[in-house]
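For reference, my_file-v9.cif is printed below; it contains mmCIF, C-alpha atoms.
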data_structure
loop_
_atom_site.label_atom_id
_atom_site.label_comp_id
_atom_site.auth_asym_id
_atom_site.auth_seq_id
_atom_site.Cartn_x
_atom_site.Cartn_y
_atom_site.Cartn_z
CA MET A 104 -25.60 14.08 12.00
CA ASP A 105 -22.21 15.52 11.07
CA ILE A 106 -22.23 16.81 7.49
CA ASN A 107 -18.92 15.10 6.70
CA SER A 108 -20.29 11.68 7.60
CA LEU A 109 -23.73 12.25 6.07
CA PHE A 110 -22.32 12.98 2.62
CA ASP A 111 -19.00 11.11 2.65
CA VAL A 112 -17.98 9.08 -0.44
CA LYS A 113 -14.28 8.80 0.36
CA ASP A 114 -12.75 5.53 -0.91
CA LYS A 115 -15.99 4.41 -2.54
CA VAL A 116 -15.61 2.62 -5.89
CA VAL A 117 -17.70 4.24 -8.62
CA LEU A 118 -18.41 3.59 -12.30
CA VAL A 119 -19.68 6.53 -14.36
CA THR A 120 -20.62 5.66 -17.94
CA GLY A 121 -20.23 8.39 -20.50
CA GLY A 122 -17.78 9.94 -18.06
CA GLY A 123 -15.31 11.31 -20.59
CA ARG A 124 -17.07 14.62 -21.09
CA GLY A 125 -20.25 16.60 -20.49
CA VAL A 126 -22.55 15.63 -17.63
CA GLY A 127 -20.63 12.40 -17.00
CA GLU A 128 -17.42 14.33 -16.52
CA MET A 129 -19.18 16.70 -14.11
CA ILE A 130 -20.39 13.75 -12.04
CA ALA A 131 -17.00 12.00 -12.09
CA ALA A 132 -15.33 15.24 -10.98
CA GLY A 133 -17.67 15.47 -8.00
CA TYR A 134 -16.74 12.01 -6.83
CA THR A 135 -12.97 12.36 -7.31
CA ALA A 136 -12.97 15.76 -5.58
CA ASN A 137 -14.41 13.97 -2.56
CA GLY A 138 -11.93 11.12 -2.47
CA ALA A 139 -13.68 8.36 -4.42
CA LYS A 140 -12.07 5.90 -6.82
CA VAL A 141 -13.87 6.49 -10.09
CA TYR A 142 -13.89 4.46 -13.29
CA ILE A 143 -15.17 6.28 -16.36
CA SER A 144 -16.19 4.75 -19.67
CA SER A 145 -16.66 6.47 -23.01
CA ARG A 146 -16.58 5.62 -26.71
CA ASP A 147 -14.18 8.52 -27.14
CA VAL A 148 -10.90 6.93 -26.02
CA LYS A 149 -8.95 10.19 -26.08
CA ALA A 150 -11.52 12.13 -24.07
CA CYS A 151 -11.83 9.28 -21.57
CA GLU A 152 -8.10 9.05 -20.96
CA GLU A 153 -7.55 12.82 -20.84
CA THR A 154 -10.41 13.32 -18.37
CA ALA A 155 -9.17 10.49 -16.15
CA LYS A 156 -5.66 11.93 -16.11
CA ARG A 157 -6.89 15.44 -15.28
CA LEU A 158 -9.29 14.37 -12.52
CA THR A 159 -6.63 12.17 -10.91
CA LYS A 160 -4.23 15.11 -10.96
CA ASP A 161 -6.85 17.33 -9.34
CA GLY A 162 -7.49 14.65 -6.69
CA PRO A 163 -7.73 13.74 -3.92
CA GLY A 164 -9.55 10.76 -5.40
CA LYS A 165 -8.47 8.72 -8.40
CA CYS A 166 -10.02 8.41 -11.85
CA ILE A 167 -9.35 5.46 -14.18
CA ALA A 168 -10.23 5.38 -17.87
CA MET A 169 -12.10 2.34 -19.16
CA PRO A 170 -13.02 3.18 -22.77
CA ALA A 171 -15.95 1.20 -24.17
CA ASP A 172 -18.83 1.42 -26.63
CA LEU A 173 -21.64 0.46 -24.28
CA SER A 174 -24.20 0.28 -27.07
CA LYS A 175 -22.68 -3.17 -27.74
CA TYR A 176 -23.60 -6.09 -25.50
CA GLU A 177 -20.13 -7.60 -25.61
CA GLU A 178 -18.58 -4.29 -24.54
CA CYS A 179 -20.81 -4.25 -21.47
CA GLU A 180 -19.59 -7.75 -20.68
CA ARG A 181 -15.98 -6.65 -21.11
CA VAL A 182 -16.36 -3.68 -18.76
CA VAL A 183 -17.97 -5.87 -16.11
CA ALA A 184 -15.21 -8.49 -16.44
CA GLU A 185 -12.52 -5.81 -16.15
CA LEU A 186 -14.12 -4.34 -13.04
CA GLU A 187 -14.40 -7.78 -11.46
CA LYS A 188 -10.68 -8.30 -12.05
CA ARG A 189 -9.77 -5.00 -10.44
CA GLU A 190 -12.27 -4.60 -7.61
CA LYS A 191 -13.91 -6.77 -4.95
CA VAL A 192 -16.88 -4.42 -4.71
CA LEU A 193 -18.61 -1.65 -6.65
CA HIS A 194 -20.36 0.83 -4.41
CA ILE A 195 -21.95 3.16 -6.96
CA LEU A 196 -23.03 2.81 -10.59
CA VAL A 197 -23.99 5.93 -12.55
CA ASN A 198 -25.61 5.09 -15.88
CA ASN A 199 -25.06 8.29 -17.81
CA SER A 200 -24.21 7.15 -21.37
CA GLY A 201 -26.82 8.31 -23.83
CA VAL A 202 -27.49 9.72 -27.25
CA THR A 203 -30.19 11.85 -28.86
CA TRP A 204 -31.69 12.32 -32.32
CA GLY A 205 -33.72 15.25 -33.61
CA GLU A 206 -35.56 15.28 -36.91
CA GLU A 207 -39.00 16.29 -38.16
CA LEU A 208 -41.80 13.78 -37.86
CA SER A 209 -42.19 13.10 -41.58
CA THR A 210 -38.57 11.95 -42.01
CA TYR A 211 -37.78 10.63 -38.52
CA PRO A 212 -35.96 7.35 -39.22
CA ASP A 213 -36.79 3.97 -37.76
CA SER A 214 -33.08 3.49 -37.08
CA ALA A 215 -33.16 6.36 -34.57
CA PHE A 216 -35.43 4.36 -32.28
CA THR A 217 -33.21 1.29 -32.57
CA LYS A 218 -30.08 3.30 -31.71
CA LEU A 219 -31.53 5.30 -28.84
CA MET A 220 -33.59 2.60 -27.18
CA THR A 221 -30.56 0.30 -27.29
CA LEU A 222 -28.09 2.65 -25.61
CA ASN A 223 -30.44 4.73 -23.48
CA VAL A 224 -32.50 1.86 -22.08
CA GLN A 225 -31.50 -1.67 -23.06
CA ARG A 226 -27.80 -1.35 -22.27
CA VAL A 227 -28.56 0.40 -19.00
CA PHE A 228 -30.42 -2.78 -18.08
CA THR A 229 -27.61 -4.97 -19.42
CA LEU A 230 -24.89 -3.23 -17.45
CA THR A 231 -27.00 -3.02 -14.31
CA GLN A 232 -27.97 -6.69 -14.52
CA LYS A 233 -24.37 -7.82 -14.82
CA LEU A 234 -23.08 -5.51 -12.07
CA VAL A 235 -25.68 -6.42 -9.45
CA PRO A 236 -23.40 -9.08 -7.89
CA LEU A 237 -20.54 -6.59 -7.50
CA LEU A 238 -22.88 -3.90 -6.18
CA SER A 239 -24.47 -6.33 -3.73
CA LYS A 240 -21.10 -6.97 -2.10
CA ALA A 241 -21.19 -3.44 -0.70
CA GLN A 242 -23.71 -4.73 1.84
CA GLU A 243 -20.92 -6.75 3.46
CA GLU A 244 -19.36 -3.38 4.38
CA GLY A 245 -22.65 -2.08 5.75
CA PHE A 246 -23.15 0.08 2.65
CA VAL A 247 -26.25 0.13 0.46
CA GLY A 248 -25.17 -0.15 -3.17
CA ARG A 249 -26.37 2.73 -5.32
CA ILE A 250 -27.55 2.94 -8.92
CA ILE A 251 -28.15 6.42 -10.32
CA ASN A 252 -29.63 6.62 -13.80
CA ILE A 253 -29.38 9.90 -15.68
CA GLY A 254 -32.75 10.66 -17.18
CA SER A 255 -34.26 13.83 -18.57
CA ILE A 256 -37.16 16.21 -18.11
CA ASN A 257 -37.97 15.26 -21.71
CA GLY A 258 -39.02 11.89 -20.33
CA VAL A 259 -41.50 13.63 -18.00
CA ASN A 260 -43.11 16.30 -20.18
CA PRO A 261 -43.18 16.31 -24.01
CA PRO A 262 -40.38 18.56 -25.28
CA GLY A 263 -40.84 21.29 -27.86
CA LEU A 264 -38.16 19.78 -30.08
CA GLU A 265 -38.78 16.81 -32.37
CA THR A 266 -36.72 14.29 -30.42
CA TYR A 267 -39.26 11.47 -30.40
CA ALA A 268 -36.95 8.54 -29.72
CA TYR A 269 -35.04 10.46 -27.05
CA SER A 270 -38.08 11.46 -25.00
CA ALA A 271 -39.52 7.94 -25.33
CA SER A 272 -36.23 6.36 -24.24
CA LYS A 273 -35.90 8.60 -21.20
CA ALA A 274 -39.49 7.92 -20.12
CA ALA A 275 -38.69 4.22 -20.42
CA LEU A 276 -35.52 4.69 -18.36
CA HIS A 277 -37.49 6.39 -15.59
CA GLN A 278 -39.91 3.47 -15.45
CA LEU A 279 -37.10 0.92 -15.60
CA SER A 280 -35.46 2.59 -12.61
CA LYS A 281 -38.64 2.39 -10.56
CA HIS A 282 -39.13 -1.26 -11.51
CA LEU A 283 -35.55 -2.17 -10.59
CA SER A 284 -35.86 -0.41 -7.24
CA THR A 285 -38.66 -2.79 -6.22
CA ARG A 286 -36.42 -5.79 -6.94
CA LEU A 287 -33.01 -4.67 -5.70
CA GLY A 288 -33.81 -3.25 -2.28
CA PRO A 289 -32.76 -3.29 0.47
CA SER A 290 -29.20 -4.09 -0.64
CA ILE A 291 -29.22 -1.65 -3.60
CA SER A 292 -31.13 1.59 -4.17
CA VAL A 293 -32.09 2.82 -7.64
CA ASN A 294 -32.89 6.43 -8.49
CA THR A 295 -33.07 8.66 -11.55
CA LEU A 296 -32.08 12.28 -12.04
CA ALA A 297 -34.30 13.98 -14.62
CA LEU A 298 -31.93 16.63 -15.89
CA GLY A 299 -32.78 19.95 -17.42
CA PRO A 300 -30.33 21.86 -19.65
CA PHE A 301 -26.64 21.33 -18.87
CA ARG A 302 -23.61 22.20 -20.98
CA SER A 303 -22.86 19.00 -22.92
CA LYS A 304 -22.26 17.79 -26.46
CA MET A 305 -25.92 16.85 -26.67
CA MET A 306 -26.98 20.40 -25.78
CA LYS A 307 -24.15 22.23 -27.58
CA PHE A 308 -26.11 23.54 -30.57
CA THR A 309 -29.08 24.63 -28.46
CA LEU A 310 -26.97 26.39 -25.85
CA ASP A 311 -24.59 27.96 -28.36
CA ASN A 312 -27.56 29.59 -30.05
CA PHE A 313 -30.27 29.95 -27.41
CA GLU A 314 -28.71 29.76 -23.94
CA GLU A 315 -29.85 33.23 -22.87
CA GLU A 316 -33.45 32.64 -23.99
CA LEU A 317 -33.54 29.17 -22.46
CA ALA A 318 -32.14 30.38 -19.14
CA GLU A 319 -34.61 33.25 -19.03
CA SER A 320 -37.50 30.79 -19.40
CA LEU A 321 -36.51 28.98 -16.20
CA PRO A 322 -37.49 30.14 -12.70
CA MET A 323 -33.80 29.98 -11.66
CA LYS A 324 -32.72 32.00 -14.74
CA ARG A 325 -29.66 29.91 -15.61
CA ILE A 326 -28.72 26.53 -17.04
CA GLY A 327 -27.33 23.74 -14.89
CA ALA A 328 -23.82 24.00 -13.45
CA PRO A 329 -21.48 21.06 -12.76
CA THR A 330 -22.05 21.45 -9.02
CA ASP A 331 -25.81 20.98 -9.45
CA VAL A 332 -25.63 17.46 -10.86
CA ALA A 333 -22.53 16.48 -8.85
CA ALA A 334 -24.18 17.47 -5.57
CA ALA A 335 -27.30 15.46 -6.38
CA CYS A 336 -25.18 12.38 -7.08
CA LEU A 337 -23.16 12.84 -3.89
CA TRP A 338 -26.36 13.06 -1.87
CA LEU A 339 -27.85 9.91 -3.41
CA SER A 340 -24.52 8.06 -3.00
CA SER A 341 -23.96 8.85 0.66
CA LYS A 342 -25.47 8.04 4.04
CA GLY A 343 -27.75 11.04 3.62
CA GLY A 344 -29.43 9.46 0.58
CA GLU A 345 -29.50 5.86 1.79
CA TRP A 346 -33.29 5.63 2.30
CA VAL A 347 -34.17 7.17 -1.06
CA THR A 348 -35.10 4.73 -3.82
CA GLY A 349 -37.49 4.48 -6.76
CA THR A 350 -37.55 8.23 -7.31
CA VAL A 351 -37.26 10.45 -10.37
CA ILE A 352 -35.71 13.69 -9.15
CA PRO A 353 -35.79 16.78 -11.39
CA ILE A 354 -32.50 18.70 -11.45
CA ASP A 355 -33.79 21.30 -13.84
CA GLY A 356 -33.82 24.84 -12.49
CA GLY A 357 -37.61 24.69 -12.37
CA SER A 358 -38.09 23.72 -16.01
CA LEU A 359 -40.94 21.30 -15.32
CA VAL A 360 -42.94 23.72 -13.18
CA ALA A 361 -42.36 26.48 -15.73
CA THR A 362 -43.80 24.23 -18.42
CA GLN A 363 -46.82 23.36 -16.28
CA ALA A 364 -47.45 27.03 -15.52
CA LYS A 365 -47.81 27.73 -19.25
CA LEU A 366 -50.50 25.06 -19.73
#

Take the structure in the file and write it out as structure tokens.
Amino acid sequence: MDINSLFDVKDKVVLVTGGGRGVGEMIAAGYTANGAKVYISSRDVKACEETAKRLTKDGPGKCIAMPADLSKYEECERVVAELEKREKVLHILVNNSGVTWGEELSTYPDSAFTKLMTLNVQRVFTLTQKLVPLLSKAQEEGFVGRIINIGSINGVNPPGLETYAYSASKAALHQLSKHLSTRLGPSISVNTLALGPFRSKMMKFTLDNFEEELAESLPMKRIGAPTDVAAACLWLSSKGGEWVTGTVIPIDGGSLVATQAKL
């Protein structure tokens, strides 16, 4: 029952996709600050390498850059092959890579659905499918492998913004996570975090212009902080979160209940 053993991730091997900046960087920082060995992938090579260098310097864990465009099938294969060369086991996979698209209904392009469903859903499945063998090896150490998918409250309730492909893709991701959890237990757990507003490239315009109004609309009166999403991941990745699977957990400052209260 000791808190240090309940939430310990020291020496665990972790892959965080989209870990070069934004929410992915917040999550990676939480793991490295607690002694994990973290691989981060990102299409932005410079951001990926700079983040890895900084997080390793901060320690006590280690962060390794593995730049990749995970919207491409062959890049998913390459990342998996590279991990298999370097590691005998992967304890934790955080599928965070994602993209959004906002445009009014009358001009919303068909290509937006292709782009978003591919990266936000299909490649999550691809990467997960190919990493199951490496994740399953954690059981040999008495550890339940963990998959944490980063979803969104927009996949739970319809958003006010015209982000049709994004909300559809996140709803699909939530359902995919539940489906996978029924197949991968008991050796691997699968959960989703439905995030509210966090400071990221995806939210930059909204928060630069409307952060005060958005925060005021939430019961907790602020947007998400790095510690909020990092702590949730640490819980799900540790002994304390071992029996949790198939869930969609809102990390949203009360955004969903605030929306329901207005109905």

| said: Please determine, counting all atoms listed in the file, which residue among A:Met169, A:Ile106, A:Ala268, A:Val126 has the shortest atom-to-atom distance to Ser303 of chain A. | reply: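 So, comparing all the options, the nearest one is A:Val126.
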
As JSON, please: the centre and edge lengths in Å, to one decimal, of an axis-aligned box enclosing every listed atom of segment 176-180 of chain A with 3 Å added on each side.
{"center_x": -21.1, "center_y": -6.0, "center_z": -23.1, "size_x": 11.0, "size_y": 9.5, "size_z": 10.9}

| said: Suppose a student applies the PyMOL selection byres ((chain A and resi 152-158) around 9) to this structure; what residues should they get, written as number ranges by chain? | reply: A: 122-124, 128, 131-132, 135-136, 141-143, 147-151, 159-170

| query | Looking at A:Val235, A:Ile250, A:Met305, A:Val224, which one is nearest to Cys336 of chain A, with distances taken over all atoms listed in the file? | reply | A:Ile250

| query | Mind telling me what the PyMOL selection byres ((chain A and resi 343) around 10) catches here, as an MDAnalysis selection string? | reply | chainID A and resid 104 106 108:111 337:342 344:347

Once the PyMOL selection byres ((chain A and resi 216) around 9) has been applied to the shown file, what residues remain in the selection, as an mmCIF file with C-alpha atoms, in the frame of the given file?
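Okay, this is what ended up in out.cif:
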data_model
loop_
_atom_site.group_PDB
_atom_site.id
_atom_site.type_symbol
_atom_site.label_atom_id
_atom_site.label_comp_id
_atom_site.auth_asym_id
_atom_site.auth_seq_id
_atom_site.Cartn_x
_atom_site.Cartn_y
_atom_site.Cartn_z
ATOM 1 C CA TRP A 204 -31.690 12.320 -32.320
ATOM 2 C CA PRO A 212 -35.960 7.350 -39.220
ATOM 3 C CA ASP A 213 -36.790 3.970 -37.760
ATOM 4 C CA SER A 214 -33.080 3.490 -37.080
ATOM 5 C CA ALA A 215 -33.160 6.360 -34.570
ATOM 6 C CA THR A 217 -33.210 1.290 -32.570
ATOM 7 C CA LYS A 218 -30.080 3.300 -31.710
ATOM 8 C CA LEU A 219 -31.530 5.300 -28.840
ATOM 9 C CA MET A 220 -33.590 2.600 -27.180
ATOM 10 C CA THR A 221 -30.560 0.300 -27.290
ATOM 11 C CA TYR A 267 -39.260 11.470 -30.400
ATOM 12 C CA ALA A 268 -36.950 8.540 -29.720
ATOM 13 C CA TYR A 269 -35.040 10.460 -27.050
ATOM 14 C CA ALA A 271 -39.520 7.940 -25.330
ATOM 15 C CA SER A 272 -36.230 6.360 -24.240
#

| query | Quick one: distance from atom CA of Glu185 of chain A to atom CA of Ala171 of chain A in Å, one decimal? | reply |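 Rounded to one decimal, the two atoms are 11.2 Å apart.
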
| task | Skip Asn252 of chain A itself and residues of its chain fewer than 4 positions away, then list as a ChimeraX atom specification all residues within 9 Å of it, counting all atoms listed in the file. | result | /A:196-199,227,276-277,280,293-297
